[in-house]
$ cat data-v1.txt   # compact mmCIF, C-alpha atoms
# COMPACT_ATOMS: atom_id res chain seq x y z
CA MET A 1 0.00 0.00 0.00
CA GLY A 2 1.29 3.43 -0.93
CA GLU A 3 0.12 7.00 -0.35
CA ARG A 4 -2.74 7.69 2.07
CA ALA A 5 -5.17 10.63 2.04
CA ASP A 6 -8.60 11.51 3.38
CA VAL A 7 -10.09 10.99 -0.07
CA VAL A 8 -8.82 9.25 -3.18
CA VAL A 9 -10.37 10.55 -6.39
CA VAL A 10 -10.36 8.27 -9.44
CA GLY A 11 -10.21 10.32 -12.63
CA ALA A 12 -8.56 13.68 -13.37
CA GLY A 13 -11.21 15.01 -15.71
CA LEU A 14 -13.05 18.18 -14.82
CA SER A 15 -15.37 16.38 -12.40
CA GLY A 16 -12.64 14.66 -10.40
CA LEU A 17 -10.46 17.77 -10.28
CA CYS A 18 -13.36 19.94 -9.08
CA ALA A 19 -14.21 17.37 -6.41
CA ALA A 20 -10.59 17.36 -5.24
CA ARG A 21 -10.42 21.15 -5.29
CA LYS A 22 -13.50 21.49 -3.08
CA LEU A 23 -12.24 18.84 -0.67
CA ARG A 24 -8.86 20.55 -0.45
CA LYS A 25 -10.47 23.95 0.23
CA GLU A 26 -12.41 22.40 3.13
CA GLY A 27 -9.22 21.05 4.66
CA ALA A 28 -9.31 17.43 3.50
CA SER A 29 -6.25 15.79 1.99
CA VAL A 30 -6.73 14.34 -1.48
CA ALA A 31 -5.00 12.06 -3.94
CA VAL A 32 -6.19 12.15 -7.56
CA VAL A 33 -5.25 9.16 -9.71
CA GLU A 34 -5.59 9.26 -13.50
CA ALA A 35 -5.04 6.50 -16.05
CA ARG A 36 -3.99 8.84 -18.85
CA ASP A 37 -0.73 10.73 -19.11
CA ARG A 38 -2.73 13.99 -19.03
CA VAL A 39 -5.61 15.62 -17.19
CA GLY A 40 -8.85 16.78 -18.78
CA GLY A 41 -10.82 13.61 -19.51
CA ARG A 42 -13.04 14.21 -22.53
CA THR A 43 -11.43 17.60 -23.16
CA ARG A 44 -8.21 17.54 -25.16
CA THR A 45 -6.48 20.59 -26.64
CA GLU A 46 -3.64 20.46 -29.14
CA HIS A 47 -1.61 23.15 -30.89
CA ILE A 48 -2.29 22.74 -34.62
CA GLY A 49 -0.99 25.13 -37.24
CA GLN A 50 -1.17 28.59 -35.70
CA GLY A 51 -3.79 27.94 -33.03
CA ASP A 52 -4.93 25.85 -30.08
CA PHE A 53 -7.79 23.52 -31.02
CA ASP A 54 -10.04 21.19 -29.09
CA LEU A 55 -10.35 17.59 -30.22
CA GLY A 56 -12.86 16.95 -27.44
CA GLY A 57 -15.41 19.12 -25.63
CA GLN A 58 -14.93 22.78 -26.45
CA TRP A 59 -17.92 25.04 -25.77
CA ILE A 60 -19.42 27.06 -22.92
CA GLY A 61 -22.83 28.69 -23.03
CA PRO A 62 -25.43 30.68 -21.06
CA GLY A 63 -26.75 28.98 -17.94
CA GLN A 64 -23.51 27.10 -17.25
CA ASP A 65 -22.95 29.18 -14.16
CA ARG A 66 -20.44 26.97 -12.35
CA LEU A 67 -18.21 26.75 -15.39
CA TRP A 68 -18.40 30.49 -16.00
CA ALA A 69 -17.55 31.20 -12.36
CA LEU A 70 -14.61 28.80 -12.50
CA VAL A 71 -13.09 30.17 -15.71
CA ASN A 72 -13.46 33.72 -14.40
CA GLU A 73 -11.76 32.75 -11.14
CA LEU A 74 -8.94 31.02 -13.01
CA GLY A 75 -8.55 33.91 -15.46
CA ILE A 76 -9.31 31.78 -18.51
CA GLN A 77 -10.45 33.78 -21.54
CA THR A 78 -13.33 32.93 -23.85
CA PHE A 79 -14.57 34.25 -27.19
CA PRO A 80 -17.76 33.88 -29.25
CA THR A 81 -18.23 31.08 -31.74
CA TYR A 82 -18.43 32.60 -35.22
CA ALA A 83 -22.06 32.51 -36.35
CA LYS A 84 -22.51 35.31 -38.92
CA GLY A 85 -23.98 34.46 -42.31
CA LYS A 86 -25.86 31.64 -44.00
CA LYS A 87 -26.24 28.17 -42.46
CA VAL A 88 -26.50 25.02 -44.53
CA LEU A 89 -29.11 22.28 -44.14
CA GLU A 90 -28.76 18.91 -45.88
CA VAL A 91 -31.80 16.63 -45.66
CA GLU A 92 -32.44 13.56 -47.79
CA GLY A 93 -29.91 14.71 -50.40
CA HIS A 94 -31.27 18.24 -50.71
CA LEU A 95 -29.25 21.36 -49.77
CA SER A 96 -30.76 24.63 -48.56
CA THR A 97 -29.52 27.68 -46.65
CA TYR A 98 -31.08 29.73 -43.88
CA LYS A 99 -30.10 32.49 -41.46
CA ARG A 100 -32.42 32.12 -38.49
CA SER A 101 -32.44 29.40 -35.84
CA ILE A 102 -35.12 27.32 -37.61
CA PRO A 103 -33.99 25.57 -40.82
CA ALA A 104 -35.47 26.39 -44.22
CA LEU A 105 -38.38 23.96 -44.63
CA SER A 106 -41.74 24.01 -46.39
CA ILE A 107 -44.60 25.78 -44.58
CA PRO A 108 -46.29 22.52 -43.52
CA ASN A 109 -42.98 21.15 -42.24
CA LEU A 110 -42.20 24.39 -40.42
CA ILE A 111 -45.57 24.26 -38.67
CA GLN A 112 -44.99 20.66 -37.65
CA MET A 113 -41.42 21.46 -36.53
CA GLN A 114 -42.60 24.32 -34.31
CA GLY A 115 -45.34 22.12 -32.91
CA ALA A 116 -42.91 19.29 -32.16
CA LEU A 117 -40.43 21.60 -30.44
CA SER A 118 -43.19 23.19 -28.35
CA TYR A 119 -44.51 19.77 -27.33
CA LEU A 120 -41.03 18.55 -26.43
CA ASP A 121 -40.50 21.64 -24.31
CA ARG A 122 -43.74 21.11 -22.40
CA VAL A 123 -43.12 17.44 -21.73
CA ARG A 124 -39.42 17.69 -20.82
CA LYS A 125 -40.25 20.27 -18.09
CA GLN A 126 -42.20 17.53 -16.31
CA VAL A 127 -39.18 15.19 -16.10
CA SER A 128 -36.96 16.15 -13.19
CA PRO A 129 -33.30 15.09 -13.51
CA THR A 130 -33.34 14.38 -9.77
CA ALA A 131 -36.58 12.36 -9.79
CA PRO A 132 -37.55 11.38 -13.35
CA LEU A 133 -39.84 8.58 -12.19
CA ALA A 134 -42.05 11.03 -10.30
CA MET A 135 -43.67 12.16 -13.53
CA ASP A 136 -47.04 10.69 -14.40
CA GLY A 137 -46.51 8.09 -17.09
CA ALA A 138 -42.75 7.93 -16.49
CA GLN A 139 -42.54 4.14 -16.67
CA ALA A 140 -44.40 4.09 -19.98
CA LEU A 141 -41.97 6.67 -21.41
CA ASP A 142 -39.04 4.63 -20.16
CA ALA A 143 -40.46 1.53 -21.81
CA GLU A 144 -40.05 2.87 -25.34
CA THR A 145 -37.31 4.42 -27.41
CA LEU A 146 -37.16 8.04 -28.38
CA GLU A 147 -37.76 6.96 -31.99
CA THR A 148 -41.02 5.11 -31.27
CA TRP A 149 -42.32 7.78 -28.89
CA ARG A 150 -41.53 10.60 -31.31
CA SER A 151 -43.34 8.83 -34.15
CA LYS A 152 -46.60 9.58 -32.35
CA PHE A 153 -46.33 13.34 -32.91
CA VAL A 154 -43.77 13.79 -35.72
CA LYS A 155 -44.93 12.40 -39.05
CA SER A 156 -42.61 14.20 -41.49
CA SER A 157 -39.51 12.29 -42.55
CA LYS A 158 -37.65 15.59 -43.03
CA ILE A 159 -38.35 16.77 -39.48
CA ASN A 160 -37.36 13.37 -38.11
CA ALA A 161 -34.14 13.62 -40.11
CA VAL A 162 -33.30 17.09 -38.72
CA MET A 163 -34.06 15.97 -35.17
CA ASP A 164 -31.95 12.84 -35.64
CA ALA A 165 -28.97 14.99 -36.61
CA ALA A 166 -29.37 16.91 -33.35
CA VAL A 167 -29.80 13.73 -31.28
CA ARG A 168 -26.71 12.15 -32.82
CA THR A 169 -24.62 15.22 -32.08
CA ILE A 170 -25.82 15.66 -28.48
CA PHE A 171 -25.69 11.98 -27.48
CA GLY A 172 -23.46 10.26 -30.04
CA ALA A 173 -26.37 7.84 -30.42
CA GLU A 174 -29.43 7.18 -32.55
CA ALA A 175 -33.00 7.93 -31.50
CA ARG A 176 -33.63 4.17 -31.50
CA ASP A 177 -30.89 3.68 -28.87
CA LEU A 178 -32.29 5.99 -26.19
CA SER A 179 -35.09 5.74 -23.66
CA ALA A 180 -37.66 8.49 -24.28
CA LEU A 181 -37.66 9.25 -20.55
CA TYR A 182 -33.87 9.53 -20.42
CA PHE A 183 -33.92 11.85 -23.44
CA LEU A 184 -36.47 14.16 -21.79
CA MET A 185 -34.61 14.13 -18.46
CA TYR A 186 -31.39 15.03 -20.25
CA LEU A 187 -33.06 17.87 -22.17
CA ASN A 188 -34.54 19.31 -19.00
CA GLY A 189 -31.15 19.32 -17.30
CA GLY A 190 -29.79 21.62 -20.03
CA GLY A 191 -32.76 23.84 -20.80
CA GLY A 192 -34.27 22.06 -23.80
CA LEU A 193 -33.40 20.79 -27.25
CA ARG A 194 -33.02 24.20 -28.87
CA LYS A 195 -30.68 25.43 -26.14
CA LEU A 196 -28.51 22.32 -26.47
CA SER A 197 -28.44 22.60 -30.28
CA GLU A 198 -27.89 26.28 -30.99
CA VAL A 199 -24.92 28.65 -31.04
CA ARG A 200 -26.24 32.08 -30.07
CA GLY A 201 -27.90 31.72 -26.69
CA GLY A 202 -27.13 28.01 -26.71
CA ALA A 203 -24.58 25.47 -25.56
CA GLN A 204 -22.20 26.27 -28.45
CA GLN A 205 -22.14 30.04 -27.90
CA ASP A 206 -18.53 30.53 -26.73
CA ARG A 207 -15.13 28.89 -26.92
CA PHE A 208 -11.93 28.96 -24.84
CA VAL A 209 -9.00 30.97 -26.16
CA ALA A 210 -6.49 28.39 -24.90
CA GLY A 211 -8.82 25.42 -25.39
CA ALA A 212 -11.20 23.70 -22.98
CA GLN A 213 -8.45 21.52 -21.51
CA SER A 214 -6.89 24.70 -20.10
CA VAL A 215 -9.51 24.58 -17.32
CA SER A 216 -8.37 21.16 -16.13
CA ARG A 217 -4.72 22.08 -16.55
CA ALA A 218 -5.19 25.10 -14.29
CA LEU A 219 -6.98 23.01 -11.66
CA ALA A 220 -4.24 20.35 -11.78
CA ALA A 221 -1.59 23.04 -11.34
CA GLU A 222 -3.37 24.14 -8.14
CA LEU A 223 -3.49 20.57 -6.83
CA GLY A 224 0.19 19.96 -7.66
CA ASP A 225 1.64 16.66 -6.47
CA SER A 226 -1.79 15.45 -5.36
CA VAL A 227 -2.44 14.46 -9.00
CA ARG A 228 -0.82 11.25 -10.18
CA LEU A 229 -0.91 10.45 -13.90
CA GLY A 230 -0.41 7.14 -15.67
CA MET A 231 -2.06 5.19 -12.87
CA PRO A 232 -5.08 3.24 -14.13
CA VAL A 233 -7.16 1.99 -11.22
CA ARG A 234 -7.84 -1.72 -11.69
CA LYS A 235 -9.44 -2.47 -8.34
CA LEU A 236 -11.09 -0.67 -5.40
CA VAL A 237 -10.78 -2.50 -2.10
CA GLN A 238 -13.02 -1.38 0.77
CA SER A 239 -12.39 -2.10 4.42
CA ARG A 240 -13.91 -0.84 7.66
CA ASP A 241 -11.45 2.05 7.66
CA GLY A 242 -11.07 3.12 4.06
CA VAL A 243 -10.69 2.41 0.34
CA ASP A 244 -7.57 1.41 -1.56
CA ALA A 245 -7.32 2.25 -5.27
CA VAL A 246 -5.09 -0.45 -6.69
CA SER A 247 -3.16 0.07 -9.92
CA ASP A 248 -0.46 -1.96 -11.62
CA GLY A 249 1.94 -2.60 -8.76
CA ASP A 250 0.90 0.47 -6.77
CA ALA A 251 -1.98 1.69 -4.63
CA VAL A 252 -3.33 4.90 -3.14
CA GLY A 253 -5.65 4.79 -0.16
CA GLY A 254 -8.21 7.08 1.41
CA ARG A 255 -10.88 7.08 4.06
CA PHE A 256 -13.32 7.51 1.17
CA ALA A 257 -13.18 7.36 -2.61
CA ILE A 258 -14.85 9.35 -5.38
CA VAL A 259 -15.04 7.64 -8.76
CA ALA A 260 -15.26 10.37 -11.40
CA VAL A 261 -15.20 8.41 -14.65
CA PRO A 262 -18.02 7.46 -17.07
CA PRO A 263 -20.30 4.72 -15.68
CA SER A 264 -19.22 2.27 -18.40
CA LEU A 265 -15.59 2.66 -17.30
CA ALA A 266 -16.51 2.54 -13.61
CA GLY A 267 -18.13 -0.80 -14.38
CA ARG A 268 -14.80 -2.19 -15.60
CA ILE A 269 -13.13 -1.61 -12.24
CA GLU A 270 -13.02 -4.65 -9.95
CA TYR A 271 -14.64 -4.04 -6.56
CA ASP A 272 -13.86 -5.87 -3.34
CA PRO A 273 -16.41 -6.42 -1.91
CA LEU A 274 -18.65 -6.30 -4.98
CA VAL A 275 -20.91 -3.32 -5.53
CA SER A 276 -24.65 -3.96 -5.47
CA VAL A 277 -26.26 -5.89 -8.31
CA ALA A 278 -28.36 -2.85 -9.23
CA ARG A 279 -25.29 -0.62 -9.52
CA ASP A 280 -23.48 -3.22 -11.62
CA GLN A 281 -26.49 -3.65 -13.89
CA LEU A 282 -26.68 0.11 -14.37
CA THR A 283 -23.05 0.43 -15.47
CA GLN A 284 -23.43 -2.51 -17.86
CA ARG A 285 -26.25 -0.68 -19.67
CA PHE A 286 -24.83 2.86 -19.66
CA ALA A 287 -23.45 2.77 -23.21
CA MET A 288 -21.05 5.48 -24.32
CA GLY A 289 -21.95 7.50 -27.39
CA ALA A 290 -19.92 7.12 -30.59
CA ALA A 291 -18.22 10.28 -31.86
CA VAL A 292 -15.37 11.19 -34.17
CA LYS A 293 -14.27 14.81 -34.21
CA VAL A 294 -12.69 16.12 -37.42
CA LEU A 295 -10.67 19.34 -37.71
CA VAL A 296 -9.59 20.78 -41.08
CA THR A 297 -7.39 23.88 -41.23
CA TYR A 298 -7.11 26.34 -44.13
CA GLU A 299 -5.08 29.32 -45.24
CA ARG A 300 -8.20 31.50 -45.51
CA ALA A 301 -11.70 31.38 -44.06
CA PHE A 302 -13.15 31.25 -47.58
CA TRP A 303 -16.62 30.29 -46.31
CA ARG A 304 -16.85 33.59 -44.43
CA GLU A 305 -15.86 35.46 -47.57
CA ALA A 306 -18.73 33.71 -49.38
CA GLY A 307 -21.23 34.73 -46.68
CA PHE A 308 -21.43 31.42 -44.79
CA SER A 309 -21.26 31.06 -41.01
CA GLY A 310 -19.65 27.64 -41.35
CA GLU A 311 -22.58 25.96 -39.60
CA VAL A 312 -24.04 22.86 -41.26
CA VAL A 313 -26.72 20.42 -40.12
CA SER A 314 -26.88 17.21 -42.15
CA SER A 315 -29.10 14.17 -41.84
CA ASP A 316 -27.13 12.40 -44.57
CA GLY A 317 -23.65 12.35 -43.04
CA PRO A 318 -20.99 11.42 -42.57
CA LEU A 319 -20.75 14.83 -40.87
CA SER A 320 -23.88 15.49 -38.79
CA VAL A 321 -22.83 19.05 -37.93
CA VAL A 322 -20.06 21.44 -38.95
CA TYR A 323 -18.96 24.71 -37.33
CA ASP A 324 -16.48 27.48 -38.00
CA ASN A 325 -13.58 26.65 -35.68
CA THR A 326 -11.16 29.45 -36.55
CA SER A 327 -8.74 30.45 -33.77
CA HIS A 328 -9.67 33.42 -31.60
CA ASP A 329 -7.14 35.72 -33.30
CA GLU A 330 -8.23 34.50 -36.77
CA ARG A 331 -4.66 33.53 -37.61
CA GLN A 332 -5.68 29.93 -38.20
CA PRO A 333 -8.93 29.40 -40.14
CA ALA A 334 -10.53 26.02 -39.51
CA LEU A 335 -13.72 24.00 -39.78
CA VAL A 336 -14.76 21.34 -37.28
CA GLY A 337 -17.19 18.51 -37.92
CA PHE A 338 -18.68 15.59 -36.02
CA ILE A 339 -19.27 12.05 -37.22
CA VAL A 340 -21.62 10.60 -34.62
CA GLY A 341 -23.95 7.73 -33.87
CA SER A 342 -24.06 4.66 -36.07
CA GLN A 343 -21.73 6.12 -38.72
CA ALA A 344 -19.05 6.77 -36.10
CA ARG A 345 -19.07 3.18 -34.87
CA HIS A 346 -17.44 1.94 -38.06
CA TRP A 347 -15.54 5.06 -39.13
CA SER A 348 -12.04 4.07 -38.05
CA ALA A 349 -12.29 0.67 -39.75
CA GLN A 350 -12.20 2.46 -43.12
CA PRO A 351 -8.86 3.47 -44.69
CA HIS A 352 -7.68 6.92 -43.64
CA ALA A 353 -7.51 8.14 -47.24
CA ASP A 354 -11.17 7.19 -47.78
CA ARG A 355 -12.26 8.90 -44.58
CA GLN A 356 -10.46 12.10 -45.51
CA ARG A 357 -11.84 11.99 -49.05
CA ARG A 358 -15.43 11.63 -47.80
CA VAL A 359 -15.11 14.54 -45.36
CA LEU A 360 -13.53 16.88 -47.90
CA ALA A 361 -16.13 15.96 -50.51
CA LYS A 362 -18.88 17.02 -48.11
CA LEU A 363 -17.15 20.28 -47.19
CA GLU A 364 -16.80 21.00 -50.90
CA ARG A 365 -20.52 20.33 -51.36
CA TYR A 366 -21.37 22.77 -48.58
CA PHE A 367 -18.87 25.56 -49.20
CA GLY A 368 -17.35 25.12 -52.66
CA GLU A 369 -14.22 23.66 -54.25
CA GLN A 370 -11.86 25.71 -52.05
CA ALA A 371 -12.66 23.25 -49.26
CA ARG A 372 -10.29 20.76 -50.91
CA SER A 373 -7.31 23.14 -50.59
CA PHE A 374 -6.73 22.39 -46.92
CA GLN A 375 -3.59 22.68 -44.81
CA GLU A 376 -4.02 19.96 -42.17
CA TYR A 377 -6.57 17.23 -41.52
CA HIS A 378 -6.99 15.82 -38.00
CA GLU A 379 -9.52 13.45 -36.51
CA LEU A 380 -10.00 11.78 -33.14
CA ASP A 381 -12.20 8.73 -32.70
CA TRP A 382 -13.23 8.84 -29.06
CA GLY A 383 -14.49 5.28 -29.20
CA ALA A 384 -10.89 4.19 -29.68
CA GLU A 385 -9.70 6.14 -26.63
CA PRO A 386 -9.05 3.45 -23.96
CA TRP A 387 -9.97 5.71 -21.03
CA SER A 388 -13.13 7.15 -22.59
CA ARG A 389 -14.44 4.45 -24.94
CA GLY A 390 -16.80 6.97 -26.49
CA CYS A 391 -18.06 10.52 -26.46
CA PRO A 392 -19.71 12.91 -25.77
CA VAL A 393 -21.77 11.15 -23.09
CA GLY A 394 -23.22 7.86 -21.95
CA GLY A 395 -26.85 7.13 -22.79
CA LEU A 396 -29.52 4.80 -21.44
CA PRO A 397 -31.79 2.48 -23.42
CA PRO A 398 -35.39 1.75 -22.33
CA GLY A 399 -36.02 0.25 -18.91
CA VAL A 400 -32.84 1.24 -17.07
CA LEU A 401 -34.09 4.41 -15.39
CA THR A 402 -37.13 2.55 -14.07
CA HIS A 403 -35.12 -0.17 -12.37
CA SER A 404 -31.69 1.33 -11.65
CA PHE A 405 -31.87 5.15 -11.51
CA ALA A 406 -31.63 5.21 -7.71
CA TYR A 407 -28.14 3.70 -7.93
CA LEU A 408 -26.62 6.26 -10.30
CA ARG A 409 -25.48 8.52 -7.45
CA LYS A 410 -26.08 6.34 -4.39
CA PRO A 411 -22.79 5.61 -2.55
CA GLU A 412 -21.60 2.02 -2.29
CA GLY A 413 -20.12 1.88 1.17
CA ARG A 414 -17.26 4.39 1.17
CA ILE A 415 -17.32 4.89 -2.60
CA HIS A 416 -19.11 7.92 -4.06
CA TRP A 417 -19.88 8.63 -7.72
CA ALA A 418 -19.22 11.70 -9.85
CA GLY A 419 -18.75 12.43 -13.56
CA THR A 420 -21.02 14.33 -15.91
CA GLU A 421 -23.39 11.36 -16.38
CA ALA A 422 -24.14 11.57 -12.65
CA ALA A 423 -25.08 15.27 -12.82
CA THR A 424 -28.58 16.67 -12.33
CA GLU A 425 -27.87 19.87 -14.27
CA TRP A 426 -26.31 20.04 -17.74
CA ILE A 427 -25.81 16.28 -17.89
CA GLY A 428 -23.11 15.43 -20.41
CA TYR A 429 -21.49 18.87 -20.38
CA MET A 430 -18.56 20.42 -18.53
CA GLU A 431 -21.05 22.21 -16.31
CA GLY A 432 -22.52 18.86 -15.32
CA ALA A 433 -19.05 17.50 -14.60
CA ILE A 434 -18.41 20.33 -12.15
CA GLN A 435 -21.81 19.99 -10.50
CA SER A 436 -21.48 16.25 -9.95
CA GLY A 437 -17.90 16.55 -8.67
CA GLU A 438 -18.86 19.19 -6.13
CA ARG A 439 -21.94 17.22 -5.08
CA ALA A 440 -19.83 14.11 -4.44
CA ALA A 441 -17.30 16.21 -2.50
CA ASP A 442 -20.12 17.57 -0.32
CA GLU A 443 -21.30 14.03 0.39
CA VAL A 444 -17.83 12.97 1.50
CA LEU A 445 -17.24 16.12 3.55
CA ARG A 446 -20.39 15.41 5.56
CA ARG A 447 -19.07 11.92 6.31
CA LEU A 448 -15.58 13.16 7.15

$ encode --input "data-v1.txt" --output "structure tokens"
Amino acid sequence: MGERADVVVVGAGLSGLCAARKLRKEGASVAVVEARDRVGGRTRTEHIGQGDFDLGGQWIGPGQDRLWALVNELGIQTFPTYAKGKKVLEVEGHLSTYKRSIPALSIPNLIQMQGALSYLDRVRKQVSPTAPLAMDGAQALDAETLETWRSKFVKSSKINAVMDAAVRTIFGAEARDLSALYFLMYLNGGGGLRKLSEVRGGAQQDRFVAGAQSVSRALAAELGDSVRLGMPVRKLVQSRDGVDAVSDGDAVGGRFAIVAVPPSLAGRIEYDPLVSVARDQLTQRFAMGAAVKVLVTYERAFWREAGFSGEVVSSDGPLSVVYDNTSHDERQPALVGFIVGSQARHWSAQPHADRQRRVLAKLERYFGEQARSFQEYHELDWGAEPWSRGCPVGGLPPGVLTHSFAYLRKPEGRIHWAGTEAATEWIGYMEGAIQSGERAADEVLRRL
């Protein structure tokens, strides 16, 4: 047995680091152990060309109050996502452009779209992220997929296609993969589908000058030697007096432990004694989304010159969404796109040259032949990341909330649970990571 502390935190993503920071501020000693050789979890920033770019999570928006307070305290600068000009919509092989938040559709489809969004907004407000089963009819909603439930009030194939593009991007999953109740709970935690999907006034409104990973790097710098990298936790051993986090030939112990990794990864840790059957069943079913992030850099932001914002929504793929991702000082023009859901699950099995060709062909279709004259092409398949196994978030199929929701945040002996999937506000986002980490720290502080 090695180092001892009041609390051992498993995972040096934003959630684990914020849990450790709060514990430290309240006088508890902490040890943070991380499998990777870096901090930041599902945020990852790299210097590419003449700018710093995120290959993982990258945005901050209105309503994410904890994240805003943290970046202001740490002195981290942000800037607006570029959103001026025409947007592109691709549905069932047809291209159109629009400038407002609602895509360019026929009048009947627009009416049905507005009706569907209004209905979603009314229903999701009834599903509390802290008590989703308290809603009347909750078990029936949890018994069917989002796809089957939505078919009752959305009849247009075009509207279904547009909504599917949003669902894939937010969850990294298909509508057929998700419980309708889980979908509504998730929406309510972040203010609704439109808020999660949009740039201005939405979750994609602002970016970090030095990249989103700069937040975790700043927190790790504060914690100093309390953070240990390259230490994958294989086993958590509980005793009457504490918890030992056992790695390959090493261990770190604490009076309590906070596990701040995605549920699917938490389920791969060996527990002695075993966690409850309900907790184990939950982690087995909490599937990570599939997402590949693609960054293409250019000499000039030619799409801006042509009057485009860079924003694309496509039901056809392989890119479900595209955004202008130019550096804050505009020295490095770039576009970023997301391959998500079912298409992402098989993306890396294709030859790299074919993948690049398909992406560039789509960018050319959206913005013109100049899209082929790129400088650098980068992609990151988060499903191939051993300590994430997917992105952006874990999702639940039908039936799991009904039978296992109570065990998502319930401690197992001296082990407490954090991570953005365990949040009750902004689930799946950096804001949710902070909220869940601080909630778990509060739980432990009361027991200390």

$ residues_near_point --input "data-v1.txt" --point "(-27.6, 19.1, -11.5)" --cutoff "9 Å" --atoms "only C-alpha atoms" --output "PDB file with C-alpha atoms, keeping the file's coordinate frame"
ATOM      1  CA  PRO A 129     -33.300  15.090 -13.510  1.00  0.00           C
ATOM      2  CA  THR A 130     -33.340  14.380  -9.770  1.00  0.00           C
ATOM      3  CA  GLY A 189     -31.150  19.320 -17.300  1.00  0.00           C
ATOM      4  CA  ALA A 422     -24.140  11.570 -12.650  1.00  0.00           C
ATOM      5  CA  ALA A 423     -25.080  15.270 -12.820  1.00  0.00           C
ATOM      6  CA  THR A 424     -28.580  16.670 -12.330  1.00  0.00           C
ATOM      7  CA  GLU A 425     -27.870  19.870 -14.270  1.00  0.00           C
ATOM      8  CA  TRP A 426     -26.310  20.040 -17.740  1.00  0.00           C
ATOM      9  CA  ILE A 427     -25.810  16.280 -17.890  1.00  0.00           C
ATOM     10  CA  GLU A 431     -21.050  22.210 -16.310  1.00  0.00           C
ATOM     11  CA  GLY A 432     -22.520  18.860 -15.320  1.00  0.00           C
ATOM     12  CA  GLN A 435     -21.810  19.990 -10.500  1.00  0.00           C
ATOM     13  CA  SER A 436     -21.480  16.250  -9.950  1.00  0.00           C
ATOM     14  CA  ARG A 439     -21.940  17.220  -5.080  1.00  0.00           C
TER      15      ARG A 439
END

$ closest_residue --input "data-v1.txt" --among "A:Glu222, A:Glu90, A:Asp354, A:Asp136" --to "Val321 of chain A" --atoms "all atoms listed in the file"
A:Glu90

$ closest_atom_pairs --input "data-v1.txt" --of "segment 252-334 of chain A" --to "segment 361-368 of chain A" --cutoff "9 Å" --atoms "only C-alpha atoms" --output "tab-separated table"
residue	atom	partner	partner_atom	distance
A:Phe302	CA	A:Phe367	CA	8.2
A:Trp303	CA	A:Phe367	CA	6.0
A:Ala306	CA	A:Phe367	CA	8.2
A:Phe308	CA	A:Phe367	CA	7.8
A:Gly310	CA	A:Phe367	CA	8.2
A:Val312	CA	A:Tyr366	CA	7.8
A:Gly317	CA	A:Lys362	CA	8.4
A:Pro318	CA	A:Lys362	CA	8.2
A:Leu319	CA	A:Lys362	CA	7.8
A:Val322	CA	A:Leu363	CA	8.8

$ atom_distance --input "data-v1.txt" --atom1 "atom CA of Asp316 of chain A" --atom2 "atom CA of Arg150 of chain A"
19.7 Å

$ atom_distance --input "data-v1.txt" --atom1 "atom CA of Arg409 of chain A" --atom2 "atom CA of Ala218 of chain A"
27.1 Å

$ axis_aligned_box --input "data-v1.txt" --around "segment 178-192 of chain A" --padding-each-side "8 Å" --output "AutoDock Vina command-line options"
--center_x -33.7 --center_y 14.8 --center_z -21.7 --size_x 23.9 --size_y 34.1 --size_z 24.9

$ atom_distance --input "data-v1.txt" --atom1 "atom CA of Gly192 of chain A" --atom2 "atom CA of Gly395 of chain A"
16.7 Å

$ residues_near_point --input "data-v1.txt" --point "(-20.8, 4.9, -12.9)" --cutoff "10 Å" --atoms "all atoms listed in the file" --output "list of chain:residue names"
A:Val259, A:Ala260, A:Val261, A:Pro262, A:Pro263, A:Ser264, A:Leu265, A:Ala266, A:Gly267, A:Arg268, A:Arg279, A:Asp280, A:Leu282, A:Thr283, A:Gln284, A:Phe286, A:Gly394, A:Tyr407, A:Leu408, A:Arg409, A:His416, A:Trp417, A:Ala418, A:Gly419, A:Thr420, A:Glu421, A:Ala422

$ closest_residue --input "data-v1.txt" --among "A:Pro397, A:Gly289, A:Gly307, A:Pro273" --to "Gly85 of chain A" --atoms "all atoms listed in the file"
A:Gly307

$ closest_residue --input "data-v1.txt" --among "A:Ile111, A:Gly41, A:Ala334, A:Ser247" --to "Glu385 of chain A" --atoms "all atoms listed in the file"
A:Gly41

$ closest_residue --input "data-v1.txt" --among "A:Val277, A:Val292, A:Val246, A:Leu187" --to "Pro132 of chain A" --atoms "only C-alpha atoms"
A:Leu187

$ closest_residue --input "data-v1.txt" --among "A:Leu67, A:Val167, A:Ile258, A:Leu184" --to "Pro392 of chain A" --atoms "all atoms listed in the file"
A:Val167

$ closest_residue --input "data-v1.txt" --among "A:Ser216, A:Ser96, A:Gln112, A:Thr148" --to "Leu70 of chain A" --atoms "only C-alpha atoms"
A:Ser216

$ residues_around --input "data-v1.txt" --residues "segment 196-199 of chain A" --least-positions-apart "6" --cutoff "9 Å" --atoms "only C-alpha atoms" --output "VMD selection string"
chain A and resid 61 81 to 83 101 166 169 to 170 187 190 205 to 206

$ residues_around --input "data-v1.txt" --residues "Ala212 of chain A" --least-positions-apart "3" --cutoff "10 Å" --atoms "only C-alpha atoms" --output "number ranges by chain"
A: 40, 42-45, 52-60, 71, 76, 78, 207-209, 215-217, 430

$ residues_around --input "data-v1.txt" --residues "Lys125 of chain A" --least-positions-apart "3" --cutoff "7 Å" --atoms "only C-alpha atoms" --output "number ranges by chain"
A: 121-122, 188
